[in-house]
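Peer 1: Supplied structure: model_36.cif, mmCIF, C-alpha atoms and all ligand atoms.
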```cif
data_entry
loop_
_atom_site.group_PDB
_atom_site.id
_atom_site.type_symbol
_atom_site.label_atom_id
_atom_site.label_comp_id
_atom_site.auth_asym_id
_atom_site.auth_seq_id
_atom_site.Cartn_x
_atom_site.Cartn_y
_atom_site.Cartn_z
ATOM 1 C CA MET A 797 0.518 -27.889 -25.036
ATOM 2 C CA HIS A 798 2.256 -26.858 -21.786
ATOM 3 C CA LYS A 799 1.562 -23.434 -20.272
ATOM 4 C CA VAL A 800 4.381 -21.051 -21.196
ATOM 5 C CA GLU A 801 5.850 -19.220 -18.222
ATOM 6 C CA LEU A 802 6.668 -15.517 -18.349
ATOM 7 C CA LYS A 803 10.265 -16.244 -17.277
ATOM 8 C CA GLU A 804 10.694 -18.524 -20.300
ATOM 9 C CA VAL A 805 9.344 -15.857 -22.651
ATOM 10 C CA GLY A 806 11.673 -13.339 -20.971
ATOM 11 C CA LEU A 807 14.700 -15.486 -21.783
ATOM 12 C CA ASP A 808 13.630 -15.932 -25.424
ATOM 13 C CA ILE A 809 13.165 -12.175 -25.789
ATOM 14 C CA GLY A 810 16.433 -11.606 -23.920
ATOM 15 C CA LEU A 811 18.295 -13.725 -26.456
ATOM 16 C CA ALA A 812 16.713 -11.924 -29.428
ATOM 17 C CA PHE A 813 17.661 -8.529 -27.923
ATOM 18 C CA SER A 814 21.157 -9.671 -26.996
ATOM 19 C CA LYS A 815 21.790 -10.983 -30.497
ATOM 20 C CA HIS A 816 20.509 -7.821 -32.130
ATOM 21 C CA PHE A 817 21.832 -5.076 -29.867
ATOM 22 C CA TYR A 818 24.964 -6.592 -28.394
ATOM 23 C CA LYS A 819 25.888 -9.190 -31.043
ATOM 24 C CA THR A 820 26.093 -11.887 -28.415
ATOM 25 C CA ASP A 821 24.561 -15.335 -27.865
ATOM 26 C CA TYR A 822 25.355 -15.443 -24.172
ATOM 27 C CA LEU A 823 22.381 -15.246 -21.843
ATOM 28 C CA HIS A 824 24.287 -14.501 -18.655
ATOM 29 C CA TYR A 825 25.494 -11.282 -17.054
ATOM 30 C CA GLY A 826 28.846 -9.829 -17.946
ATOM 31 C CA TYR A 827 31.937 -9.689 -15.745
ATOM 32 C CA TRP A 828 33.045 -6.059 -15.662
ATOM 33 C CA PRO A 829 36.525 -5.578 -14.223
ATOM 34 C CA ASP A 830 37.757 -2.122 -13.214
ATOM 35 C CA GLY A 831 38.708 -0.280 -16.374
ATOM 36 C CA LEU A 832 36.109 -1.830 -18.695
ATOM 37 C CA THR A 833 33.748 1.036 -19.532
ATOM 38 C CA VAL A 834 30.114 0.167 -18.895
ATOM 39 C CA GLU A 835 28.610 0.712 -22.324
ATOM 40 C CA PRO A 836 26.737 -1.425 -24.846
ATOM 41 C CA ALA A 837 29.800 -1.858 -27.066
ATOM 42 C CA ASN A 838 31.512 -3.714 -24.204
ATOM 43 C CA VAL A 839 28.704 -6.129 -23.305
ATOM 44 C CA PHE A 840 30.149 -8.918 -25.427
ATOM 45 C CA GLU A 841 33.625 -8.479 -23.931
ATOM 46 C CA ALA A 842 32.164 -8.543 -20.414
ATOM 47 C CA GLN A 843 30.302 -11.757 -21.200
ATOM 48 C CA VAL A 844 33.440 -13.329 -22.658
ATOM 49 C CA ASN A 845 35.168 -12.391 -19.379
ATOM 50 C CA TYR A 846 32.402 -14.184 -17.506
ATOM 51 C CA ALA A 847 32.754 -17.286 -19.723
ATOM 52 C CA ASN A 848 36.531 -17.302 -19.182
ATOM 53 C CA TYR A 849 36.006 -16.900 -15.456
ATOM 54 C CA LEU A 850 33.737 -19.951 -15.447
ATOM 55 C CA LEU A 851 36.197 -21.991 -17.523
ATOM 56 C CA LYS A 852 39.021 -21.086 -15.145
ATOM 57 C CA ASN A 853 36.991 -22.402 -12.213
ATOM 58 C CA ILE A 854 36.336 -25.852 -13.655
ATOM 59 C CA PRO A 855 38.471 -28.103 -11.464
ATOM 60 C CA GLU A 856 41.310 -30.185 -12.857
ATOM 61 C CA GLY A 857 40.429 -33.777 -13.595
ATOM 62 C CA VAL A 858 36.892 -32.976 -14.776
ATOM 63 C CA SER A 859 36.116 -34.430 -18.164
ATOM 64 C CA SER A 860 32.315 -34.844 -18.408
ATOM 65 C CA ILE A 861 29.929 -31.982 -17.663
ATOM 66 C CA LEU A 862 26.172 -31.602 -17.542
ATOM 67 C CA ASP A 863 25.301 -27.989 -18.382
ATOM 68 C CA VAL A 864 21.997 -27.362 -16.622
ATOM 69 C CA GLY A 865 19.946 -24.603 -18.254
ATOM 70 C CA CYS A 866 22.380 -24.145 -21.119
ATOM 71 C CA GLY A 867 20.685 -21.068 -22.646
ATOM 72 C CA SER A 868 21.648 -20.805 -26.316
ATOM 73 C CA GLY A 869 24.317 -23.506 -25.900
ATOM 74 C CA LYS A 870 27.103 -20.968 -26.377
ATOM 75 C CA PHE A 871 29.030 -21.875 -23.239
ATOM 76 C CA ALA A 872 28.441 -25.610 -23.853
ATOM 77 C CA GLU A 873 30.111 -25.102 -27.231
ATOM 78 C CA ILE A 874 33.065 -23.386 -25.574
ATOM 79 C CA MET A 875 33.456 -26.286 -23.152
ATOM 80 C CA LEU A 876 33.230 -28.813 -26.017
ATOM 81 C CA ASP A 877 35.885 -26.863 -27.939
ATOM 82 C CA ALA A 878 38.035 -26.900 -24.794
ATOM 83 C CA GLY A 879 37.921 -30.721 -24.847
ATOM 84 C CA TYR A 880 35.212 -31.521 -22.282
ATOM 85 C CA SER A 881 32.404 -33.893 -23.070
ATOM 86 C CA VAL A 882 29.200 -32.011 -22.441
ATOM 87 C CA ASP A 883 25.472 -32.739 -22.243
ATOM 88 C CA CYS A 884 22.830 -30.083 -21.793
ATOM 89 C CA VAL A 885 19.539 -29.568 -20.025
ATOM 90 C CA SER A 886 17.242 -27.178 -21.860
ATOM 91 C CA PRO A 887 13.557 -27.035 -20.915
ATOM 92 C CA SER A 888 12.692 -24.134 -23.212
ATOM 93 C CA PRO A 889 11.641 -25.295 -26.719
ATOM 94 C CA ASN A 890 12.719 -22.026 -28.314
ATOM 95 C CA LEU A 891 16.138 -21.969 -26.715
ATOM 96 C CA THR A 892 16.567 -25.670 -27.490
ATOM 97 C CA LYS A 893 16.256 -24.898 -31.209
ATOM 98 C CA HIS A 894 19.298 -22.615 -30.885
ATOM 99 C CA VAL A 895 21.162 -25.257 -28.893
ATOM 100 C CA ARG A 896 20.481 -27.969 -31.506
ATOM 101 C CA ASN A 897 21.578 -25.681 -34.343
ATOM 102 C CA ARG A 898 24.742 -24.814 -32.501
ATOM 103 C CA LEU A 899 25.760 -28.195 -31.148
ATOM 104 C CA GLY A 900 24.273 -30.688 -33.609
ATOM 105 C CA ASP A 901 25.063 -34.143 -32.245
ATOM 106 C CA ARG A 902 28.070 -33.049 -30.181
ATOM 107 C CA ALA A 903 25.960 -33.154 -27.007
ATOM 108 C CA GLU A 904 22.907 -34.965 -25.741
ATOM 109 C CA ILE A 905 20.191 -32.443 -24.920
ATOM 110 C CA PHE A 906 17.695 -33.284 -22.210
ATOM 111 C CA GLU A 907 14.736 -31.214 -23.254
ATOM 112 C CA THR A 908 13.140 -30.987 -19.853
ATOM 113 C CA ARG A 909 13.469 -29.323 -16.470
ATOM 114 C CA TYR A 910 16.516 -30.477 -14.512
ATOM 115 C CA GLU A 911 14.186 -31.692 -11.784
ATOM 116 C CA ASP A 912 12.666 -34.131 -14.331
ATOM 117 C CA VAL A 913 15.804 -35.435 -16.049
ATOM 118 C CA ARG A 914 16.003 -39.247 -16.121
ATOM 119 C CA THR A 915 19.270 -40.794 -17.262
ATOM 120 C CA GLU A 916 21.742 -43.522 -16.335
ATOM 121 C CA LYS A 917 24.617 -41.232 -17.335
ATOM 122 C CA ARG A 918 26.975 -39.860 -14.691
ATOM 123 C CA TYR A 919 29.098 -36.703 -14.863
ATOM 124 C CA ASP A 920 32.238 -35.319 -13.238
ATOM 125 C CA MET A 921 30.614 -31.916 -12.880
ATOM 126 C CA ILE A 922 27.157 -30.376 -12.923
ATOM 127 C CA LEU A 923 27.197 -26.752 -14.040
ATOM 128 C CA CYS A 924 24.497 -24.224 -13.232
ATOM 129 C CA SER A 925 25.492 -20.972 -14.887
ATOM 130 C CA GLU A 926 22.803 -18.454 -14.033
ATOM 131 C CA SER A 927 20.240 -21.243 -14.092
ATOM 132 C CA PHE A 928 20.297 -22.216 -10.429
ATOM 133 C CA GLN A 929 17.810 -19.479 -9.523
ATOM 134 C CA TYR A 930 15.201 -21.211 -11.697
ATOM 135 C CA LEU A 931 15.572 -24.602 -9.982
ATOM 136 C CA LEU A 932 13.777 -25.993 -6.972
ATOM 137 C CA VAL A 933 16.739 -26.274 -4.608
ATOM 138 C CA GLU A 934 15.886 -29.537 -2.840
ATOM 139 C CA GLU A 935 14.964 -31.368 -6.049
ATOM 140 C CA ALA A 936 17.971 -30.004 -7.905
ATOM 141 C CA ILE A 937 20.375 -31.136 -5.207
ATOM 142 C CA GLU A 938 18.809 -34.623 -5.104
ATOM 143 C CA GLN A 939 19.239 -34.858 -8.886
ATOM 144 C CA THR A 940 22.814 -33.640 -8.601
ATOM 145 C CA LYS A 941 23.641 -36.334 -6.053
ATOM 146 C CA LYS A 942 22.284 -38.957 -8.474
ATOM 147 C CA PHE A 943 24.070 -37.718 -11.572
ATOM 148 C CA LEU A 944 27.522 -37.058 -10.156
ATOM 149 C CA ASN A 945 30.415 -39.469 -10.413
ATOM 150 C CA LYS A 946 32.313 -40.311 -7.270
ATOM 151 C CA GLN A 947 33.521 -37.061 -5.704
ATOM 152 C CA GLY A 948 32.063 -35.066 -8.549
ATOM 153 C CA TYR A 949 31.602 -31.308 -8.500
ATOM 154 C CA LEU A 950 28.722 -28.879 -8.536
ATOM 155 C CA LEU A 951 29.621 -25.472 -9.954
ATOM 156 C CA ILE A 952 27.012 -22.761 -9.421
ATOM 157 C CA CYS A 953 27.495 -19.249 -10.750
ATOM 158 C CA ASP A 954 24.391 -17.199 -10.106
ATOM 159 C CA PHE A 955 22.866 -14.497 -7.979
ATOM 160 C CA PHE A 956 21.010 -14.941 -4.719
ATOM 161 C CA LYS A 957 18.793 -12.701 -2.581
ATOM 162 C CA ARG A 958 20.463 -10.919 0.307
ATOM 163 C CA ASP A 959 18.610 -10.594 3.553
ATOM 164 C CA VAL A 960 17.939 -6.838 3.482
ATOM 165 C CA PRO A 961 14.734 -4.911 4.147
ATOM 166 C CA GLY A 962 12.678 -3.545 1.279
ATOM 167 C CA LYS A 963 11.456 -4.867 -2.036
ATOM 168 C CA SER A 964 13.940 -5.474 -4.791
ATOM 169 C CA PRO A 965 13.023 -4.097 -8.217
ATOM 170 C CA ILE A 966 15.034 -6.995 -9.651
ATOM 171 C CA SER A 967 13.411 -10.380 -9.284
ATOM 172 C CA GLY A 968 15.072 -13.784 -9.034
ATOM 173 C CA GLY A 969 17.503 -15.683 -6.860
ATOM 174 C CA HIS A 970 17.154 -18.002 -3.899
ATOM 175 C CA ARG A 971 17.701 -16.616 -0.419
ATOM 176 C CA ILE A 972 21.442 -16.890 0.200
ATOM 177 C CA GLU A 973 21.244 -17.714 3.916
ATOM 178 C CA ARG A 974 18.725 -20.464 3.351
ATOM 179 C CA PHE A 975 20.748 -21.915 0.487
ATOM 180 C CA LEU A 976 23.968 -21.952 2.528
ATOM 181 C CA GLU A 977 22.236 -23.577 5.487
ATOM 182 C CA TYR A 978 20.682 -26.185 3.231
ATOM 183 C CA MET A 979 24.003 -27.028 1.580
ATOM 184 C CA ASP A 980 25.678 -27.349 4.999
ATOM 185 C CA GLU A 981 23.391 -30.320 5.656
ATOM 186 C CA GLN A 982 24.208 -31.962 2.336
ATOM 187 C CA PRO A 983 27.041 -34.392 1.587
ATOM 188 C CA PHE A 984 29.057 -31.716 -0.182
ATOM 189 C CA THR A 985 32.215 -29.843 0.733
ATOM 190 C CA LYS A 986 32.296 -26.188 -0.251
ATOM 191 C CA LEU A 987 35.630 -25.618 -2.017
ATOM 192 C CA THR A 988 35.094 -22.155 -3.434
ATOM 193 C CA ASP A 989 32.876 -19.193 -2.613
ATOM 194 C CA LEU A 990 33.665 -16.136 -4.711
ATOM 195 C CA ASP A 991 31.629 -12.942 -4.579
ATOM 196 C CA ILE A 992 31.460 -11.266 -7.984
ATOM 197 C CA THR A 993 28.530 -8.935 -7.267
ATOM 198 C CA LYS A 994 30.621 -5.848 -8.010
ATOM 199 C CA GLU A 995 31.802 -7.224 -11.348
ATOM 200 C CA ALA A 996 28.323 -8.466 -12.398
ATOM 201 C CA ALA A 997 26.242 -5.463 -11.273
ATOM 202 C CA PRO A 998 27.054 -3.142 -14.234
ATOM 203 C CA SER A 999 25.036 -5.508 -16.466
ATOM 204 C CA LEU A 1000 21.978 -4.034 -14.768
ATOM 205 C CA ASP A 1001 23.031 -0.508 -15.737
ATOM 206 C CA ILE A 1002 23.195 -1.676 -19.336
ATOM 207 C CA MET A 1003 19.729 -3.185 -19.018
ATOM 208 C CA ARG A 1004 18.371 -0.014 -17.397
ATOM 209 C CA ASP A 1005 19.725 2.087 -20.263
ATOM 210 C CA LEU A 1006 18.198 -0.237 -22.862
ATOM 211 C CA ILE A 1007 14.839 -0.014 -21.115
ATOM 212 C CA GLN A 1008 15.000 3.757 -20.669
ATOM 213 C CA GLU A 1009 16.322 4.574 -24.114
ATOM 214 C CA VAL A 1010 14.566 1.988 -26.298
ATOM 215 C CA ILE A 1011 11.822 0.015 -24.602
ATOM 216 C CA ALA A 1012 10.138 2.796 -22.571
ATOM 217 C CA PRO A 1013 9.948 5.305 -25.469
ATOM 218 C CA THR A 1014 8.602 2.541 -27.761
ATOM 219 C CA TRP A 1015 6.010 1.605 -25.150
ATOM 220 C CA ASN A 1016 4.992 5.257 -24.713
ATOM 221 C CA ILE A 1017 4.618 5.852 -28.458
ATOM 222 C CA VAL A 1018 2.544 2.685 -28.913
ATOM 223 C CA ALA A 1019 0.397 3.685 -25.902
ATOM 224 C CA TYR A 1020 -0.096 7.190 -27.371
ATOM 225 C CA TYR A 1021 -1.117 5.708 -30.741
ATOM 226 C CA MET A 1022 -3.523 3.246 -29.117
ATOM 227 C CA ARG A 1023 -5.085 5.941 -26.874
ATOM 228 C CA SER A 1024 -5.649 8.279 -29.808
ATOM 229 C CA ASN A 1025 -6.981 5.693 -32.260
ATOM 230 C CA TYR A 1026 -8.622 3.036 -30.092
ATOM 231 C CA PRO A 1027 -9.561 4.856 -26.852
ATOM 232 C CA ARG A 1028 -12.227 2.378 -25.756
ATOM 233 C CA PHE A 1029 -10.128 -0.692 -26.376
ATOM 234 C CA THR A 1030 -7.120 0.969 -24.679
ATOM 235 C CA ARG A 1031 -9.177 1.847 -21.598
ATOM 236 C CA MET A 1032 -10.432 -1.732 -21.339
ATOM 237 C CA PHE A 1033 -6.942 -3.153 -21.889
ATOM 238 C CA SER A 1034 -5.386 -0.790 -19.328
ATOM 239 C CA PHE A 1035 -8.040 -1.708 -16.793
ATOM 240 C CA ALA A 1036 -7.769 -5.465 -17.355
ATOM 241 C CA PHE A 1037 -3.959 -5.405 -17.068
ATOM 242 C CA ARG A 1038 -3.642 -2.532 -14.576
ATOM 243 C CA LYS A 1039 -1.697 -4.615 -12.052
ATOM 244 C CA LYS A 1040 0.760 -5.970 -14.615
ATOM 245 C CA ILE A 1041 1.209 -2.495 -16.125
ATOM 246 C CA ALA A 1042 1.826 -0.931 -12.698
ATOM 247 C CA GLN A 1043 4.315 -3.703 -11.913
ATOM 248 C CA ALA A 1044 6.131 -3.172 -15.231
ATOM 249 C CA HIS A 1045 6.334 0.575 -14.501
ATOM 250 C CA ARG A 1046 7.621 0.018 -10.983
ATOM 251 C CA LYS A 1047 10.150 -2.619 -11.954
ATOM 252 C CA TYR A 1048 11.384 -1.621 -15.372
ATOM 253 C CA LEU A 1049 10.230 1.747 -16.645
ATOM 254 C CA SER A 1050 11.060 3.677 -13.470
ATOM 255 C CA GLY A 1051 14.782 3.149 -14.033
ATOM 256 C CA SER A 1052 15.305 1.413 -10.689
ATOM 257 C CA THR A 1053 16.820 -1.768 -12.122
ATOM 258 C CA SER A 1054 20.303 -0.344 -11.690
ATOM 259 C CA GLY A 1055 23.609 -1.966 -10.759
ATOM 260 C CA GLU A 1056 23.459 -0.149 -7.427
ATOM 261 C CA GLN A 1057 20.063 -1.648 -6.596
ATOM 262 C CA PHE A 1058 21.271 -5.058 -7.726
ATOM 263 C CA ALA A 1059 24.267 -4.923 -5.390
ATOM 264 C CA HIS A 1060 22.004 -3.860 -2.536
ATOM 265 C CA PHE A 1061 19.464 -6.657 -2.883
ATOM 266 C CA LYS A 1062 21.490 -9.475 -4.488
ATOM 267 C CA THR A 1063 24.760 -11.253 -4.128
ATOM 268 C CA TYR A 1064 26.339 -12.844 -7.203
ATOM 269 C CA ARG A 1065 28.390 -15.881 -6.259
ATOM 270 C CA LEU A 1066 30.482 -18.630 -7.733
ATOM 271 C CA PHE A 1067 30.248 -21.755 -5.589
ATOM 272 C CA LEU A 1068 32.189 -24.924 -6.174
ATOM 273 C CA TYR A 1069 31.040 -27.931 -4.174
ATOM 274 C CA GLN A 1070 32.482 -31.424 -4.172
ATOM 275 C CA GLN A 1071 30.430 -34.452 -3.305
ATOM 276 C CA LYS A 1072 31.782 -36.096 -0.141
ATOM 277 C CA GLY A 1073 30.582 -39.638 -0.399
ATOM 278 C CA TRP A 1074 29.231 -41.573 -3.305
ATOM 279 C CA ARG A 1075 26.721 -44.240 -3.998
ATOM 280 C CA PRO A 1076 27.068 -47.188 -6.399
ATOM 281 C CA LEU A 1077 25.162 -46.460 -9.596
ATOM 282 C CA SER A 1078 22.577 -49.189 -8.912
ATOM 283 C CA VAL A 1079 21.325 -47.560 -5.690
HETATM 284 C C1 LIG B 1 19.679 -16.967 -17.767
HETATM 285 S S1 LIG B 1 19.661 -18.432 -18.702
HETATM 286 C C2 LIG B 1 21.334 -18.976 -18.495
HETATM 287 C C3 LIG B 1 21.808 -19.679 -19.716
HETATM 288 C C4 LIG B 1 23.246 -20.182 -19.710
HETATM 289 N N1 LIG B 1 23.508 -21.131 -18.676
HETATM 290 C C5 LIG B 1 24.209 -19.049 -19.639
HETATM 291 O O1 LIG B 1 24.950 -18.963 -18.666
HETATM 292 O O2 LIG B 1 24.222 -18.239 -20.591
HETATM 293 C C6 LIG B 1 18.722 -19.570 -17.709
HETATM 294 C C7 LIG B 1 18.606 -20.964 -18.285
HETATM 295 O O3 LIG B 1 17.959 -21.811 -17.314
HETATM 296 C C8 LIG B 1 17.021 -22.629 -17.987
HETATM 297 N N2 LIG B 1 16.041 -23.135 -17.023
HETATM 298 C C9 LIG B 1 14.974 -22.515 -16.472
HETATM 299 N N3 LIG B 1 14.311 -23.353 -15.641
HETATM 300 C C10 LIG B 1 15.005 -24.534 -15.648
HETATM 301 C C11 LIG B 1 14.820 -25.796 -15.013
HETATM 302 N N4 LIG B 1 13.830 -26.002 -14.152
HETATM 303 N N5 LIG B 1 15.694 -26.784 -15.300
HETATM 304 C C12 LIG B 1 16.725 -26.571 -16.144
HETATM 305 N N6 LIG B 1 16.958 -25.404 -16.763
HETATM 306 C C13 LIG B 1 16.101 -24.388 -16.529
HETATM 307 C C14 LIG B 1 16.475 -21.745 -19.090
HETATM 308 O O4 LIG B 1 15.835 -22.475 -20.116
HETATM 309 C C15 LIG B 1 17.797 -21.096 -19.555
HETATM 310 O O5 LIG B 1 18.454 -21.947 -20.464
#
```
How would this structure read if it were set down as structure tokens?
Ligand SMILES: C[S@@+](CC[C@H](N)C(=O)[O-])C[C@H]1O[C@@H](n2cnc3c(N)ncnc32)[C@H](O)[C@@H]1O
Peer 2:
Amino acid sequence: MHKVELKEVGLDIGLAFSKHFYKTDYLHYGYWPDGLTVEPANVFEAQVNYANYLLKNIPEGVSSILDVGCGSGKFAEIMLDAGYSVDCVSPSPNLTKHVRNRLGDRAEIFETRYEDVRTEKRYDMILCSESFQYLLVEEAIEQTKKFLNKQGYLLICDFFKRDVPGKSPISGGHRIERFLEYMDEQPFTKLTDLDITKEAAPSLDIMRDLIQEVIAPTWNIVAYYMRSNYPRFTRMFSFAFRKKIAQAHRKYLSGSTSGEQFAHFKTYRLFLYQQKGWRPLSV
């Protein structure tokens, strides 16, 4: 059995929470335009905005798409319904169950990391919707070059780290400067670079409120119960996991995972690249 990464568990939990609290299957941030009140009741609408924004940025002429890191398969389903032919990459066994239930045999699902996908298939577009941050950049770009049709597109919508001093309470994202420099050396033309940090950031305020109002009080009550009833075990547990507990407090329970902090440390971008040259499939 492979070792399960914390990030993978986080996404599975994220989906369960999203389904329960916000009645949504999307695993990405929302797009919050001016005028949309930042409150839980509007999370689904914000995520639909994000999905529509992605759809709008799929270039004309694209017909086949590989959705890398397809989450629950919700956006893949939207693309299929819009007439695209879509395959998915889904390395997480739990998420893949949702994808299979949702898509049946409408899409081939590569149940592996993108870096490990092996296929003779070629696509007009590779999509990385909030999955790019999980990929190893060099390997992902090499794979993309292999899997794209002549002059195919790479659409990335995800956040990156800005080069600012200090430690971000929000983890994730490749360094933007490094990514841009790397892509400049690649056989791709950058067609679009849209900054949607302002529109994406309120999703962090929603997350902060969920943590502060639901998760932190639950954690505190469980901790109180454990301390009162199992003091020895609790002391041992707290000692063994002191670093993880301190990290969880610093990152999540302190309330610092706000939209403002996100906008300070991260930049959320939509990039559309087009492959310049192309290689015959046999090479
Ligand atoms: C935040 S979710 C985004 C899901 C979906 N694209 C969306 O926009 O709702 C991140 C996705 O990336 C996937 N992922 C993580 N590491 C990956 C890798 N190395 N290769 C491919 N997908 C990966 C996860 O399994 C998950 O489906």
Peer 1: I'd like the neighbourhood of Val844 in chain A as a PyMOL selection string, where a residue qualifies if any of its atoms comes within 8 Å (using all atoms listed in the file), though same-chain residues fewer than 3 positions away should be ignored.
Peer 2: chain A and resi 826-827+840-841+847-848
Peer 1: Please enumerate the residues selected by the PyMOL selection byres (((not hetatm)) within 9 of (chain B and resi 1)) when evaluated against the supplied file, formatted as a ChimeraX atom specification.
Peer 2: /A:803-804,807-808,810,821-825,843,846-847,863-872,885-892,907-913,923-932,936,953-954
Peer 1: If you count only C-alpha atoms, which residues fall within 12 Å of Arg974 in chain A, apart from same-chain ones fewer than 3 positions away, as a compact mmCIF listing (two decimals) with C-alpha atoms, in the coordinates of the input?
Peer 2:
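What landed in out18.txt:
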```
# COMPACT_ATOMS: atom_id res chain seq x y z
CA VAL A 933 16.74 -26.27 -4.61
CA GLU A 934 15.89 -29.54 -2.84
CA PHE A 956 21.01 -14.94 -4.72
CA LYS A 957 18.79 -12.70 -2.58
CA ARG A 958 20.46 -10.92 0.31
CA ASP A 959 18.61 -10.59 3.55
CA GLY A 969 17.50 -15.68 -6.86
CA HIS A 970 17.15 -18.00 -3.90
CA ARG A 971 17.70 -16.62 -0.42
CA GLU A 977 22.24 -23.58 5.49
CA TYR A 978 20.68 -26.18 3.23
CA MET A 979 24.00 -27.03 1.58
CA ASP A 980 25.68 -27.35 5.00
CA GLU A 981 23.39 -30.32 5.66
```
Peer 1: For the interface of range 930-981 of chain A with range 1031-1044 of chain A (cut-off 12 Å, counting all atoms listed in the file), please tabulate each contacting residue of range 930-981 of chain A alongside its nearest pair of atoms and their separation in Å to one decimal, rows sorted by chain and increasing number, as CSV.
Peer 2:
```
residue,atom,partner,partner_atom,distance
A:Pro965,CA,A:Gln1043,CA,9.5
A:Ile966,CA,A:Ala1044,CA,11.2
A:Ser967,CA,A:Gln1043,CA,11.6
```
Peer 1: Give me the residues near range 994-999 of chain A as a PyMOL selection string, where near means some atom within 8 Å (using only C-alpha atoms) and where sequence neighbours in that chain fewer than 2 positions away do not count.
Peer 2: chain A and resi 825-829+834+839+991-992+1001-1003+1054-1056+1058-1059+1064
Peer 1: Once the PyMOL selection byres (((chain A and resi 1066-1068) around 8) and not hetatm) has been evaluated on this model, what residues remain selected, and can you format them as JSON, numbers by chain?
Peer 2: {"A": [949, 950, 951, 952, 953, 954, 986, 987, 988, 989, 990, 991, 992, 1064, 1065, 1069, 1070]}
Peer 1: Using the chain letters and numbering of this document, enumerate as JSON, numbers by chain the residues selected by the PyMOL selection byres (((chain A and resi 916) around 9) and not hetatm).
Peer 2: {"A": [914, 915, 917, 918, 943, 1077]}
Peer 1: What does the file look like for those residues with C-alpha atoms, as a PDB file, keeping the file's coordinate frame?
Peer 2:
```pdb
ATOM      1  CA  ARG A 914      16.003 -39.247 -16.121  1.00  0.00           C
ATOM      2  CA  THR A 915      19.270 -40.794 -17.262  1.00  0.00           C
ATOM      3  CA  LYS A 917      24.617 -41.232 -17.335  1.00  0.00           C
ATOM      4  CA  ARG A 918      26.975 -39.860 -14.691  1.00  0.00           C
ATOM      5  CA  PHE A 943      24.070 -37.718 -11.572  1.00  0.00           C
ATOM      6  CA  LEU A1077      25.162 -46.460  -9.596  1.00  0.00           C
TER       7      LEU A1077
END
```
Peer 1: When you count only C-alpha atoms, which of these residues is closest to Leu850 in chain A: A:Phe906, A:Ile874, A:Ala1019, A:Leu862?
Peer 2: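 Checking each candidate against Leu850 in chain A, we get A:Ile874 as the closest.
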Peer 1: Quick one: of A:Asp883, A:Thr1030, A:Lys1062, A:Leu899, who's nearest to Ser964 in chain A, counting only C-alpha atoms?
Peer 2: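 Checking each candidate against Ser964 in chain A, we get A:Lys1062 as the closest.
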Peer 1: Env of Gly962 in chain A: 12 Å cut, atoms = all atoms listed in the file, seq-sep filter 6 positions within chain, self excluded. Answer as a list of chain:residue names.
Peer 2: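 These residues fall inside the cut-off: A:Gln1057, A:His1060, A:Phe1061.
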Peer 1: Taking all listed atoms of range 1052-1056 of chain A, build the axis-aligned box, pad each of the six sides by 5 Å, then write its centre and edge lengths in Å to one decimal as AutoDock Vina command-line options.
Peer 2:
```
--center_x 19.5 --center_y -0.3 --center_z -9.8 --size_x 18.3 --size_y 13.4 --size_z 14.7
```
Peer 1: Between CA of Ser881 in chain A and CA of Ser860 in chain A, what is the distance in Å, rounded to a tenth?
Peer 2: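 Pair CA of Ser881 in chain A / CA of Ser860 in chain A returns 4.8 Å.
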Peer 1: Between CA of Ile905 in chain A and CA of Val882 in chain A, measure the distance and give it in Å to one decimal.
Peer 2: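 One can read the CA of Ile905 in chain A to CA of Val882 in chain A distance as 9.4 Å.
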Peer 1: Can you tell me how far CA of Ala812 in chain A sits from CA of His894 in chain A, in Å to one decimal?
Peer 2: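 Interatomic distance, CA of Ala812 in chain A to CA of His894 in chain A: 11.1 Å.
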